[in-house]
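Enquirer: Just passing along the structure, written as structure tokens.
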Amino acid sequence: MLSDSTARDRTIARARLRFLENQDPPAPIVPESIRNSWQRSKYLGIRPDEVVVPYQPDYDRESRLVRAATPVLDRLERALAGSDACVIVTDRKGWVRDRRVGEKRLSAHLDRVHLAPGFNYAEQFVGTNGIGVALEERRPNVVLGTEHFNERLQSVSCAAAPIRNSVTGRVEGAMNLTCWNGPARNLMAALVQEAVGDIERVMYEFTSSHQRALLEAFQQVTHYGDRPVLCLGQDLVLANSAASAWLTGDDHRLLHEAAAESGHAPRVRTEVRLTGGQTVLMRCRQVDSSAGAAGYLLELAFPEHPGSGEDCPATGSRSRSRSRGERDASLPWPLPGLAGTDPAWNTVSRTASHCARERTPLLLHGEPGTGKTALARAAHALTGAASAPVVVDALAPHPPASDTTPGTGTDLPADLSDALRAAPAGPGRALVLRNIDAVPAGRAPAVARALDAAAAQGTWIVGIMGTLHHAAVVPEPVRRCFTEAAAVPALRHRLADLPALVDCLLRRVGADLECAPEVLPLLRRHDWPGNVRQLNHVLSRAAAGRRTYRIEPRDLPPSLHSTVGRSLSAWEASERDTLVQALLAADGNKLLAAQRLGISRTTIYRKMRAYGITLPPRR
Ligand SMILES: Nc1ncnc2c1ncn2[C@@H]1O[C@H](COP(=O)(O)OP(=O)(O)OP(=O)(O)O)[C@@H](O)[C@H]1O
């Protein structure tokens, strides 16, 4: 008679074969986390019979993770000597960083399946395996023999768990225990969990005294005043909002180097040129903890920036800053929460900042979704104002009849000018009127009076046109309220900003998210009629539907995999989407996609050409 575990193995093995051979989801007998992982592995087109994994022999053997894991692995290695078990530590992307094996036969087997230092065992390469599932689901798991997606791994069982930084909660890597099939699942899981706890404790000891010292120094300085402050440790960056608005990750590295070279004399100010060309004055001191030097505390001043307070000689000097801006539009003008260094974007950012600071009424125009409202908000925030702008929409109180839903209109002020007058006014306030070109000519005088009254009380007023039209389409009395006008560039005219925009928008969705390198070229060839707003939608949807820790080309909507020089009919668009989806599901295999769609290979090639469909190269 078969033992319970052998019978179970066989049932799972049969379920796996059935799942691989047909379209049905895996049988319910398979544990849920394994079922999900099988589905992901199949979708990714991972081969079930061969282990093909990337290899990078050059890695940091002195990383904090490796140093923290070493004493724990040394202890386990002694305890496991001669046994048929192996312990492995990987980094958070699945790269194997250390391996200790109890006996030679297992070691040889693991070498054959590339479960060795330098190889990557993420789920996206190997399919269902202990390390891959622990990193993908960010929780402990056990994968027994036949539960592995790849048949070459089925003679072993693995228990794995993520290793976290206990201060930040971030997953730093994974700990894995692999044995020949047979031992008890619970025992393996408990052993791994204990080892993970030990590694996390050592990591905590390494970092916590440094981090505590940095945090204390940072809090002391930022408690008083709002000048830009940055604290740089080995693996920690602390920035207040005044600093984070101006600095990129590259700037952090640059300032770290400058701090290390400066001799960190607290009274001396050093001028540093940032990656975008702007200069910053830096005052630096070293922060020490009981475990040694923890990092640097930097107090910053941006000499040419209107927001950097008493340290800035040019503050408030409109003509001086203006002429500099006019001389060199390539200098970035970072605004809090917004991305981009394209010259046209720099120019409009600079204009909006000056206008906000000097409360010069500003008319912004540009295509929908280019960031006009966001720009007004950010420029206002930059003045240090405590309250956000009040945004009034000229279209809202008078929705077209077809848009009218119960309640619409009755909750809104009876008249646009009433809405403008109701907004709190005074210095430090901003009033944004969207769709200003939709103000009916008959109401223009009343609207103009309301805007002028707000401006007279010290409110910064901004008019926003949701079209490309020139300011001449704004009724004359309203137009006269504005002394400055600026155009916000369309995204397709500032595609060099795509990487920065993608980074910025992804950060809003989730800190840990990144894009595969093949994604940017696909984004770059689209013409983005809905501008940054459309890009934001695409990325948010891709992030919600992604299957791994990063956004891959297959997570993008079908329209981004095709380029056609004309607009498609609804029927054509749906045919194009069906083709792209079938090709992605078949991992770019045109014959398979054609078979599944019930069309010939010639037809699929013809239609791919007609719709300009190109897919990333097959893995
Ligand atoms: N440079 C930028 N960096 C980051 N996000 C941006 C940028 N520009 C625009 N966005 C984002 O794009 C979205 C649309 O921006 P916004 O509403 O300001 O556009 P708009 O030009 O005012 O559009 P509309 O004219 O249609 O009202 C917002 O989520 C905004 O935060």
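Chain labels follow the order of the structure tokens: the first chain is A, the next B, and so on; residue numbering restarts at 1 in every chain, and ligands are counted from 1 in their shown order.
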Kindly compile the residues surrounding ligand 1 within 10 Å, counting only C-alpha atoms and all ligand atoms, and format them as a PDB file with N, CA and C atoms, in the first residue's frame.
Expert:
ATOM      1  N   PRO A 334      12.665  72.063 -10.530  1.00  0.00           N
ATOM      2  CA  PRO A 334      11.834  71.009  -9.946  1.00  0.00           C
ATOM      3  C   PRO A 334      10.693  71.568  -9.097  1.00  0.00           C
ATOM      4  N   LEU A 335       9.542  70.988  -9.237  1.00  0.00           N
ATOM      5  CA  LEU A 335       8.385  71.369  -8.434  1.00  0.00           C
ATOM      6  C   LEU A 335       7.960  70.152  -7.614  1.00  0.00           C
ATOM      7  N   PRO A 336       7.524  70.372  -6.375  1.00  0.00           N
ATOM      8  CA  PRO A 336       7.238  69.237  -5.497  1.00  0.00           C
ATOM      9  C   PRO A 336       6.240  68.257  -6.104  1.00  0.00           C
ATOM     10  N   GLY A 337       6.622  66.993  -6.143  1.00  0.00           N
ATOM     11  CA  GLY A 337       5.708  65.940  -6.589  1.00  0.00           C
ATOM     12  C   GLY A 337       5.602  65.801  -8.089  1.00  0.00           C
ATOM     13  N   LEU A 338       6.276  66.683  -8.862  1.00  0.00           N
ATOM     14  CA  LEU A 338       6.172  66.593 -10.319  1.00  0.00           C
ATOM     15  C   LEU A 338       7.527  66.243 -10.920  1.00  0.00           C
ATOM     16  N   ALA A 339       7.484  65.635 -12.097  1.00  0.00           N
ATOM     17  CA  ALA A 339       8.737  65.197 -12.718  1.00  0.00           C
ATOM     18  C   ALA A 339       8.897  65.866 -14.068  1.00  0.00           C
ATOM     19  N   GLY A 340      10.156  65.982 -14.511  1.00  0.00           N
ATOM     20  CA  GLY A 340      10.403  66.486 -15.851  1.00  0.00           C
ATOM     21  C   GLY A 340      11.495  67.536 -15.877  1.00  0.00           C
ATOM     22  N   THR A 341      12.347  67.452 -16.907  1.00  0.00           N
ATOM     23  CA  THR A 341      13.403  68.453 -17.074  1.00  0.00           C
ATOM     24  C   THR A 341      13.496  68.895 -18.538  1.00  0.00           C
ATOM     25  N   ASP A 342      12.462  68.594 -19.316  1.00  0.00           N
ATOM     26  CA  ASP A 342      12.441  69.053 -20.695  1.00  0.00           C
ATOM     27  C   ASP A 342      12.445  70.595 -20.695  1.00  0.00           C
ATOM     28  N   TRP A 345       9.101  72.261 -20.390  1.00  0.00           N
ATOM     29  CA  TRP A 345       8.531  72.031 -19.052  1.00  0.00           C
ATOM     30  C   TRP A 345       9.261  72.890 -18.022  1.00  0.00           C
ATOM     31  N   ASN A 346      10.613  72.981 -18.127  1.00  0.00           N
ATOM     32  CA  ASN A 346      11.380  73.825 -17.198  1.00  0.00           C
ATOM     33  C   ASN A 346      10.876  75.261 -17.256  1.00  0.00           C
ATOM     34  N   SER A 349       7.469  75.644 -15.663  1.00  0.00           N
ATOM     35  CA  SER A 349       7.584  75.451 -14.208  1.00  0.00           C
ATOM     36  C   SER A 349       8.160  76.707 -13.567  1.00  0.00           C
ATOM     37  N   LEU A 364      -2.757  79.443 -17.814  1.00  0.00           N
ATOM     38  CA  LEU A 364      -2.030  78.276 -18.324  1.00  0.00           C
ATOM     39  C   LEU A 364      -2.863  77.615 -19.407  1.00  0.00           C
ATOM     40  N   HIS A 365      -2.251  77.281 -20.527  1.00  0.00           N
ATOM     41  CA  HIS A 365      -2.999  76.555 -21.542  1.00  0.00           C
ATOM     42  C   HIS A 365      -2.186  75.377 -22.047  1.00  0.00           C
ATOM     43  N   GLY A 366      -2.895  74.380 -22.578  1.00  0.00           N
ATOM     44  CA  GLY A 366      -2.242  73.170 -23.058  1.00  0.00           C
ATOM     45  C   GLY A 366      -3.273  72.070 -23.180  1.00  0.00           C
ATOM     46  N   GLU A 367      -2.886  70.964 -23.789  1.00  0.00           N
ATOM     47  CA  GLU A 367      -3.827  69.861 -24.019  1.00  0.00           C
ATOM     48  C   GLU A 367      -4.316  69.276 -22.691  1.00  0.00           C
ATOM     49  N   PRO A 368      -5.447  68.563 -22.740  1.00  0.00           N
ATOM     50  CA  PRO A 368      -5.941  67.925 -21.510  1.00  0.00           C
ATOM     51  C   PRO A 368      -4.902  66.972 -20.931  1.00  0.00           C
ATOM     52  N   GLY A 369      -4.805  66.972 -19.605  1.00  0.00           N
ATOM     53  CA  GLY A 369      -3.956  65.996 -18.914  1.00  0.00           C
ATOM     54  C   GLY A 369      -2.477  66.299 -18.946  1.00  0.00           C
ATOM     55  N   THR A 370      -2.086  67.499 -19.418  1.00  0.00           N
ATOM     56  CA  THR A 370      -0.644  67.802 -19.500  1.00  0.00           C
ATOM     57  C   THR A 370      -0.062  68.159 -18.139  1.00  0.00           C
ATOM     58  N   GLY A 371      -0.946  68.502 -17.182  1.00  0.00           N
ATOM     59  CA  GLY A 371      -0.425  68.809 -15.850  1.00  0.00           C
ATOM     60  C   GLY A 371      -0.612  70.264 -15.456  1.00  0.00           C
ATOM     61  N   LYS A 372      -1.580  70.949 -16.068  1.00  0.00           N
ATOM     62  CA  LYS A 372      -1.758  72.378 -15.785  1.00  0.00           C
ATOM     63  C   LYS A 372      -2.191  72.599 -14.331  1.00  0.00           C
ATOM     64  N   THR A 373      -3.201  71.813 -13.910  1.00  0.00           N
ATOM     65  CA  THR A 373      -3.688  71.993 -12.533  1.00  0.00           C
ATOM     66  C   THR A 373      -2.613  71.562 -11.543  1.00  0.00           C
ATOM     67  N   ALA A 374      -1.948  70.446 -11.869  1.00  0.00           N
ATOM     68  CA  ALA A 374      -0.899  69.944 -10.973  1.00  0.00           C
ATOM     69  C   ALA A 374       0.213  70.987 -10.840  1.00  0.00           C
ATOM     70  N   LEU A 375       0.515  71.650 -11.940  1.00  0.00           N
ATOM     71  CA  LEU A 375       1.563  72.678 -11.950  1.00  0.00           C
ATOM     72  C   LEU A 375       1.166  73.849 -11.041  1.00  0.00           C
ATOM     73  N   ALA A 376      -0.082  74.282 -11.158  1.00  0.00           N
ATOM     74  CA  ALA A 376      -0.541  75.400 -10.322  1.00  0.00           C
ATOM     75  C   ALA A 376      -0.473  75.007  -8.844  1.00  0.00           C
ATOM     76  N   ARG A 377      -0.913  73.781  -8.545  1.00  0.00           N
ATOM     77  CA  ARG A 377      -0.875  73.316  -7.141  1.00  0.00           C
ATOM     78  C   ARG A 377       0.558  73.307  -6.615  1.00  0.00           C
ATOM     79  N   ALA A 378       1.466  72.737  -7.435  1.00  0.00           N
ATOM     80  CA  ALA A 378       2.848  72.578  -6.974  1.00  0.00           C
ATOM     81  C   ALA A 378       3.526  73.942  -6.807  1.00  0.00           C
ATOM     82  N   ASP A 393     -14.355  74.926 -11.377  1.00  0.00           N
ATOM     83  CA  ASP A 393     -14.419  74.532 -12.781  1.00  0.00           C
ATOM     84  C   ASP A 393     -15.545  75.299 -13.469  1.00  0.00           C
ATOM     85  N   ARG A 434     -10.616  76.449 -13.690  1.00  0.00           N
ATOM     86  CA  ARG A 434     -10.391  75.529 -14.811  1.00  0.00           C
ATOM     87  C   ARG A 434     -11.404  75.793 -15.918  1.00  0.00           C
ATOM     88  N   ASN A 435     -11.053  75.384 -17.108  1.00  0.00           N
ATOM     89  CA  ASN A 435     -11.917  75.562 -18.287  1.00  0.00           C
ATOM     90  C   ASN A 435     -12.379  77.003 -18.432  1.00  0.00           C
ATOM     91  N   ILE A 464      -7.090  78.272 -16.200  1.00  0.00           N
ATOM     92  CA  ILE A 464      -6.612  77.096 -16.927  1.00  0.00           C
ATOM     93  C   ILE A 464      -7.524  76.821 -18.111  1.00  0.00           C
ATOM     94  N   MET A 465      -6.891  76.679 -19.267  1.00  0.00           N
ATOM     95  CA  MET A 465      -7.672  76.363 -20.463  1.00  0.00           C
ATOM     96  C   MET A 465      -7.466  74.909 -20.801  1.00  0.00           C
ATOM     97  N   GLY A 466      -8.553  74.171 -20.873  1.00  0.00           N
ATOM     98  CA  GLY A 466      -8.457  72.737 -21.155  1.00  0.00           C
ATOM     99  C   GLY A 466      -8.321  72.441 -22.636  1.00  0.00           C
ATOM    100  N   THR A 467      -7.978  73.407 -23.410  1.00  0.00           N
ATOM    101  CA  THR A 467      -7.815  73.184 -24.848  1.00  0.00           C
ATOM    102  C   THR A 467      -6.488  73.758 -25.289  1.00  0.00           C
ATOM    103  N   LEU A 468      -6.211  73.571 -26.558  1.00  0.00           N
ATOM    104  CA  LEU A 468      -4.983  74.109 -27.125  1.00  0.00           C
ATOM    105  C   LEU A 468      -5.134  75.556 -27.560  1.00  0.00           C
ATOM    106  N   VAL A 488       1.706  74.689 -21.442  1.00  0.00           N
ATOM    107  CA  VAL A 488       2.247  73.449 -20.863  1.00  0.00           C
ATOM    108  C   VAL A 488       2.402  72.448 -22.012  1.00  0.00           C
ATOM    109  N   PRO A 489       3.625  71.908 -22.196  1.00  0.00           N
ATOM    110  CA  PRO A 489       3.851  71.068 -23.385  1.00  0.00           C
ATOM    111  C   PRO A 489       3.120  69.731 -23.314  1.00  0.00           C
ATOM    112  N   ALA A 490       2.739  69.231 -24.491  1.00  0.00           N
ATOM    113  CA  ALA A 490       2.116  67.902 -24.573  1.00  0.00           C
ATOM    114  C   ALA A 490       3.174  66.846 -24.282  1.00  0.00           C
ATOM    115  N   LEU A 491       2.748  65.708 -23.767  1.00  0.00           N
ATOM    116  CA  LEU A 491       3.711  64.655 -23.414  1.00  0.00           C
ATOM    117  C   LEU A 491       4.500  64.185 -24.639  1.00  0.00           C
ATOM    118  N   ASP A 497      11.225  63.105 -21.042  1.00  0.00           N
ATOM    119  CA  ASP A 497      10.838  63.087 -19.629  1.00  0.00           C
ATOM    120  C   ASP A 497      10.161  61.786 -19.208  1.00  0.00           C
ATOM    121  N   LEU A 498       9.924  60.887 -20.190  1.00  0.00           N
ATOM    122  CA  LEU A 498       9.165  59.665 -19.855  1.00  0.00           C
ATOM    123  C   LEU A 498       9.753  58.888 -18.671  1.00  0.00           C
ATOM    124  N   ALA A 500      11.524  59.776 -16.121  1.00  0.00           N
ATOM    125  CA  ALA A 500      11.304  60.458 -14.841  1.00  0.00           C
ATOM    126  C   ALA A 500       9.823  60.443 -14.475  1.00  0.00           C
ATOM    127  N   LEU A 501       8.960  60.635 -15.488  1.00  0.00           N
ATOM    128  CA  LEU A 501       7.519  60.623 -15.210  1.00  0.00           C
ATOM    129  C   LEU A 501       7.073  59.239 -14.749  1.00  0.00           C
ATOM    130  N   VAL A 502       7.581  58.203 -15.435  1.00  0.00           N
ATOM    131  CA  VAL A 502       7.205  56.836 -15.067  1.00  0.00           C
ATOM    132  C   VAL A 502       7.624  56.564 -13.624  1.00  0.00           C
ATOM    133  N   ASP A 503       8.842  56.946 -13.278  1.00  0.00           N
ATOM    134  CA  ASP A 503       9.335  56.764 -11.904  1.00  0.00           C
ATOM    135  C   ASP A 503       8.425  57.454 -10.906  1.00  0.00           C
ATOM    136  N   CYS A 504       8.123  58.711 -11.216  1.00  0.00           N
ATOM    137  CA  CYS A 504       7.331  59.533 -10.302  1.00  0.00           C
ATOM    138  C   CYS A 504       5.922  58.944 -10.134  1.00  0.00           C
ATOM    139  N   LEU A 505       5.302  58.536 -11.256  1.00  0.00           N
ATOM    140  CA  LEU A 505       3.932  58.021 -11.182  1.00  0.00           C
ATOM    141  C   LEU A 505       3.916  56.659 -10.495  1.00  0.00           C
ATOM    142  N   LEU A 506       4.959  55.838 -10.742  1.00  0.00           N
ATOM    143  CA  LEU A 506       4.997  54.517 -10.087  1.00  0.00           C
ATOM    144  C   LEU A 506       5.190  54.656  -8.588  1.00  0.00           C
ATOM    145  N   ARG A 508       3.913  56.817  -6.811  1.00  0.00           N
ATOM    146  CA  ARG A 508       2.601  57.099  -6.212  1.00  0.00           C
ATOM    147  C   ARG A 508       1.824  55.808  -5.990  1.00  0.00           C
ATOM    148  N   GLY A 530      -3.919  61.688 -24.362  1.00  0.00           N
ATOM    149  CA  GLY A 530      -4.420  62.096 -23.034  1.00  0.00           C
ATOM    150  C   GLY A 530      -3.290  62.527 -22.112  1.00  0.00           C
ATOM    151  N   ASN A 531      -2.063  62.628 -22.653  1.00  0.00           N
ATOM    152  CA  ASN A 531      -0.907  63.162 -21.933  1.00  0.00           C
ATOM    153  C   ASN A 531      -0.606  62.433 -20.618  1.00  0.00           C
ATOM    154  N   VAL A 532      -0.097  63.190 -19.615  1.00  0.00           N
ATOM    155  CA  VAL A 532       0.389  62.518 -18.388  1.00  0.00           C
ATOM    156  C   VAL A 532      -0.760  61.788 -17.677  1.00  0.00           C
ATOM    157  N   ARG A 533      -1.968  62.334 -17.791  1.00  0.00           N
ATOM    158  CA  ARG A 533      -3.093  61.660 -17.131  1.00  0.00           C
ATOM    159  C   ARG A 533      -3.267  60.254 -17.721  1.00  0.00           C
ATOM    160  N   GLN A 534      -3.159  60.153 -19.034  1.00  0.00           N
ATOM    161  CA  GLN A 534      -3.315  58.842 -19.693  1.00  0.00           C
ATOM    162  C   GLN A 534      -2.168  57.907 -19.290  1.00  0.00           C
ATOM    163  N   LEU A 535      -0.960  58.457 -19.233  1.00  0.00           N
ATOM    164  CA  LEU A 535       0.187  57.640 -18.809  1.00  0.00           C
ATOM    165  C   LEU A 535      -0.045  57.110 -17.393  1.00  0.00           C
ATOM    166  N   ASN A 536      -0.569  57.981 -16.554  1.00  0.00           N
ATOM    167  CA  ASN A 536      -0.847  57.588 -15.168  1.00  0.00           C
ATOM    168  C   ASN A 536      -1.858  56.439 -15.121  1.00  0.00           C
ATOM    169  N   HIS A 537      -2.919  56.536 -15.956  1.00  0.00           N
ATOM    170  CA  HIS A 537      -3.929  55.460 -15.978  1.00  0.00           C
ATOM    171  C   HIS A 537      -3.297  54.152 -16.432  1.00  0.00           C
TER     172      HIS A 537
END
Enquirer: Name all residues at most 12 Å from A:Val171 (count only C-alpha atoms; drop same-chain ones fewer than 2 positions away) and give them as a PyMOL selection string.
Expert: chain A and resi 65+90-94+134-140+161-169+173-175+196+200+512+549
Enquirer: Keeping N, CA and C atoms for every residue in the selection just given, could you write it to a file as a short mmCIF file (atom, residue, chain, number, x, y, z; two decimals), in the first residue's frame?
Expert:
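Okay, result_25.cif is ready:
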data_model
loop_
_atom_site.label_atom_id
_atom_site.label_comp_id
_atom_site.auth_asym_id
_atom_site.auth_seq_id
_atom_site.Cartn_x
_atom_site.Cartn_y
_atom_site.Cartn_z
N LEU A 65 23.30 41.89 3.75
CA LEU A 65 22.56 40.63 3.84
C LEU A 65 23.52 39.45 3.99
N THR A 90 19.17 34.00 -0.65
CA THR A 90 19.13 34.78 -1.89
C THR A 90 18.86 36.24 -1.54
N ASP A 91 19.14 37.12 -2.50
CA ASP A 91 18.75 38.51 -2.26
C ASP A 91 17.28 38.67 -2.64
N ARG A 92 16.78 39.90 -2.59
CA ARG A 92 15.33 40.06 -2.76
C ARG A 92 14.86 39.85 -4.18
N LYS A 93 15.80 39.78 -5.14
CA LYS A 93 15.39 39.50 -6.51
C LYS A 93 15.61 38.04 -6.89
N GLY A 94 16.02 37.24 -5.92
CA GLY A 94 16.13 35.80 -6.17
C GLY A 94 17.54 35.35 -6.55
N ALA A 134 8.27 32.34 -2.18
CA ALA A 134 8.43 33.17 -0.96
C ALA A 134 8.64 34.63 -1.34
N LEU A 135 9.41 34.88 -2.41
CA LEU A 135 9.68 36.27 -2.80
C LEU A 135 8.48 36.88 -3.51
N GLU A 136 7.80 36.08 -4.30
CA GLU A 136 6.65 36.59 -5.05
C GLU A 136 5.50 36.92 -4.09
N GLU A 137 5.24 36.01 -3.15
CA GLU A 137 4.10 36.22 -2.24
C GLU A 137 4.52 36.91 -0.95
N ARG A 138 5.79 37.08 -0.77
CA ARG A 138 6.34 37.74 0.41
C ARG A 138 5.88 37.09 1.70
N ARG A 139 5.85 35.75 1.71
CA ARG A 139 5.53 35.03 2.95
C ARG A 139 6.15 33.64 2.88
N PRO A 140 6.27 32.98 4.06
CA PRO A 140 6.89 31.65 4.08
C PRO A 140 6.06 30.65 3.30
N ALA A 161 11.43 31.31 3.28
CA ALA A 161 10.73 32.45 3.90
C ALA A 161 11.49 33.72 3.56
N PRO A 162 10.75 34.84 3.41
CA PRO A 162 11.44 36.11 3.13
C PRO A 162 12.22 36.59 4.36
N ILE A 163 13.34 37.26 4.10
CA ILE A 163 14.10 37.90 5.18
C ILE A 163 13.78 39.39 5.09
N ARG A 164 13.32 39.98 6.18
CA ARG A 164 12.92 41.39 6.13
C ARG A 164 13.84 42.27 6.95
N ASN A 165 13.92 43.51 6.54
CA ASN A 165 14.58 44.51 7.37
C ASN A 165 13.57 44.86 8.46
N SER A 166 13.91 44.57 9.72
CA SER A 166 12.88 44.71 10.74
C SER A 166 12.60 46.18 11.06
N VAL A 167 13.42 47.11 10.56
CA VAL A 167 13.11 48.52 10.79
C VAL A 167 12.15 49.03 9.72
N THR A 168 12.47 48.74 8.44
CA THR A 168 11.64 49.29 7.36
C THR A 168 10.57 48.31 6.89
N GLY A 169 10.70 47.02 7.23
CA GLY A 169 9.73 46.02 6.77
C GLY A 169 10.03 45.54 5.36
N GLY A 173 15.64 39.61 1.21
CA GLY A 173 16.10 38.38 0.57
C GLY A 173 15.22 37.22 1.01
N ALA A 174 15.74 36.00 0.78
CA ALA A 174 14.98 34.81 1.21
C ALA A 174 15.94 33.77 1.76
N MET A 175 15.42 32.98 2.71
CA MET A 175 16.18 31.86 3.26
C MET A 175 15.47 30.60 2.80
N VAL A 196 15.66 32.54 9.69
CA VAL A 196 15.32 33.89 9.22
C VAL A 196 15.32 34.86 10.39
N GLU A 200 17.61 38.18 10.64
CA GLU A 200 16.99 39.50 10.80
C GLU A 200 17.52 40.20 12.05
N ASP A 512 7.81 49.89 -4.09
CA ASP A 512 8.69 48.81 -4.52
C ASP A 512 8.60 48.52 -6.02
N TYR A 549 6.95 41.42 -9.42
CA TYR A 549 7.24 42.65 -8.69
C TYR A 549 7.44 43.84 -9.62
#
Enquirer: Please return as a ChimeraX atom specification: the residues of stretch 490-583 of chain A that backbone DSSP assigns to strand (DSSP E or B).
Expert: /A:514-515,550-551,562
Enquirer: Selected residues, C-alpha atoms, written as a compact mmCIF listing (two decimals), in the first residue's frame, please.
Expert:
# COMPACT_ATOMS: atom_id res chain seq x y z
CA GLU A 514 9.66 49.12 -11.18
CA CYS A 515 9.36 48.76 -14.96
CA ARG A 550 7.72 44.71 -11.83
CA ILE A 551 5.66 45.88 -14.77
CA SER A 562 0.81 48.43 -31.94
Enquirer: Just list the residues in stretch 517-573 of chain A DSSP gives alpha helix (DSSP H) on the backbone, as an MDAnalysis selection string.
Expert: chainID A and resid 519:524 531:545 570:573
Enquirer: Save out the residues we just selected, C-alpha atoms, as a PDB file, in the first residue's frame.
Expert:
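And here is the file that came out, part_33.pdb:
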ATOM      1  CA  VAL A 519       8.528  48.773 -21.249  1.00  0.00           C
ATOM      2  CA  LEU A 520       9.960  52.250 -21.881  1.00  0.00           C
ATOM      3  CA  PRO A 521      10.480  51.817 -25.659  1.00  0.00           C
ATOM      4  CA  LEU A 522       6.809  50.776 -25.926  1.00  0.00           C
ATOM      5  CA  LEU A 523       5.703  53.845 -23.991  1.00  0.00           C
ATOM      6  CA  ARG A 524       7.985  56.066 -26.054  1.00  0.00           C
ATOM      7  CA  ASN A 531      -0.907  63.162 -21.933  1.00  0.00           C
ATOM      8  CA  VAL A 532       0.389  62.518 -18.388  1.00  0.00           C
ATOM      9  CA  ARG A 533      -3.093  61.660 -17.131  1.00  0.00           C
ATOM     10  CA  GLN A 534      -3.315  58.842 -19.693  1.00  0.00           C
ATOM     11  CA  LEU A 535       0.187  57.640 -18.809  1.00  0.00           C
ATOM     12  CA  ASN A 536      -0.847  57.588 -15.168  1.00  0.00           C
ATOM     13  CA  HIS A 537      -3.929  55.460 -15.978  1.00  0.00           C
ATOM     14  CA  VAL A 538      -1.891  53.034 -18.054  1.00  0.00           C
ATOM     15  CA  LEU A 539       0.710  52.581 -15.315  1.00  0.00           C
ATOM     16  CA  SER A 540      -1.842  52.282 -12.501  1.00  0.00           C
ATOM     17  CA  ARG A 541      -3.751  49.607 -14.420  1.00  0.00           C
ATOM     18  CA  ALA A 542      -0.568  47.786 -15.351  1.00  0.00           C
ATOM     19  CA  ALA A 543       0.554  47.910 -11.710  1.00  0.00           C
ATOM     20  CA  ALA A 544      -2.790  46.508 -10.535  1.00  0.00           C
ATOM     21  CA  GLY A 545      -2.722  43.661 -13.069  1.00  0.00           C
ATOM     22  CA  ALA A 570     -14.101  50.233 -32.857  1.00  0.00           C
ATOM     23  CA  TRP A 571     -14.139  46.922 -34.712  1.00  0.00           C
ATOM     24  CA  GLU A 572     -10.515  47.276 -35.821  1.00  0.00           C
ATOM     25  CA  ALA A 573      -9.396  48.261 -32.336  1.00  0.00           C
TER      26      ALA A 573
END
Enquirer: Give me, as a PyMOL selection string, all polymer residues having an atom no more than 9 Å from A:Val473, counting only C-alpha atoms and skipping those fewer than 6 positions away in the same chain.
Expert: chain A and resi 437-438+479
Enquirer: For A:Arg429, which residue among A:Ser567, A:Gly384, A:Ala448, A:Arg443 is the nearest when counting only C-alpha atoms?
Expert: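 Distance minimum relative to A:Arg429 lands on A:Gly384.
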Enquirer: Which one of A:Val474, A:Ala108, A:Leu431, A:Leu297 sits closest to A:Gln220 if you count only C-alpha atoms?
Expert: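 Checking each candidate against A:Gln220, we get A:Leu297 as the closest.
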Enquirer: For A:Ser241, find every residue with an atom within 12 Å (counting only C-alpha atoms), except residues of its own chain fewer than 5 positions away, and show them as an NGL selection string.
Expert: :A and (222 or 226-230 or 246-247 or 307-308 or 335-337 or 381-382 or 384)
Enquirer: Can I get the selection written as an mmCIF file, in the first residue's frame, with C-alpha atoms?
Expert:
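As a result, again-v5.cif now contains:
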data_model
loop_
_atom_site.group_PDB
_atom_site.id
_atom_site.type_symbol
_atom_site.label_atom_id
_atom_site.label_comp_id
_atom_site.auth_asym_id
_atom_site.auth_seq_id
_atom_site.Cartn_x
_atom_site.Cartn_y
_atom_site.Cartn_z
ATOM 1 C CA THR A 222 13.879 69.678 10.994
ATOM 2 C CA ASP A 226 11.593 74.324 7.035
ATOM 3 C CA ARG A 227 14.814 74.638 5.111
ATOM 4 C CA PRO A 228 15.791 71.648 2.970
ATOM 5 C CA VAL A 229 17.470 68.956 5.087
ATOM 6 C CA LEU A 230 18.871 65.624 3.963
ATOM 7 C CA TRP A 246 14.484 69.210 -5.538
ATOM 8 C CA LEU A 247 16.621 66.123 -5.422
ATOM 9 C CA GLY A 307 11.662 78.676 -2.080
ATOM 10 C CA SER A 308 14.898 78.338 -0.163
ATOM 11 C CA LEU A 335 8.385 71.369 -8.434
ATOM 12 C CA PRO A 336 7.238 69.237 -5.497
ATOM 13 C CA GLY A 337 5.708 65.940 -6.589
ATOM 14 C CA ALA A 381 2.867 74.705 -2.493
ATOM 15 C CA LEU A 382 6.384 75.892 -3.230
ATOM 16 C CA GLY A 384 5.194 77.605 1.559
#
Enquirer: Neighbouring residues of A:Leu255 were defined as those with any atom within 9 Å, considering only C-alpha atoms; residues of the same chain fewer than 2 positions away were excluded. Please report them as JSON, numbers by chain.
Expert: {"A": [232, 250, 251, 252, 253, 257, 258, 259, 260, 272, 274, 282, 298]}
Enquirer: Would you mind listing what lies within 12 Å of A:Ile34 as a ChimeraX atom specification, with only C-alpha atoms counted and same-chain residues fewer than 2 positions away left out?
Expert: /A:12,15-16,25-32,36-41,123,127-130,132-134,136-137,141-149
Enquirer: Quick check, in Å to one decimal: how far apart do atom CA of A:Asp288 and atom CA of A:Ala217 lie?
Expert: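 Result for atom CA of A:Asp288 versus atom CA of A:Ala217: 9.5 Å, one decimal.
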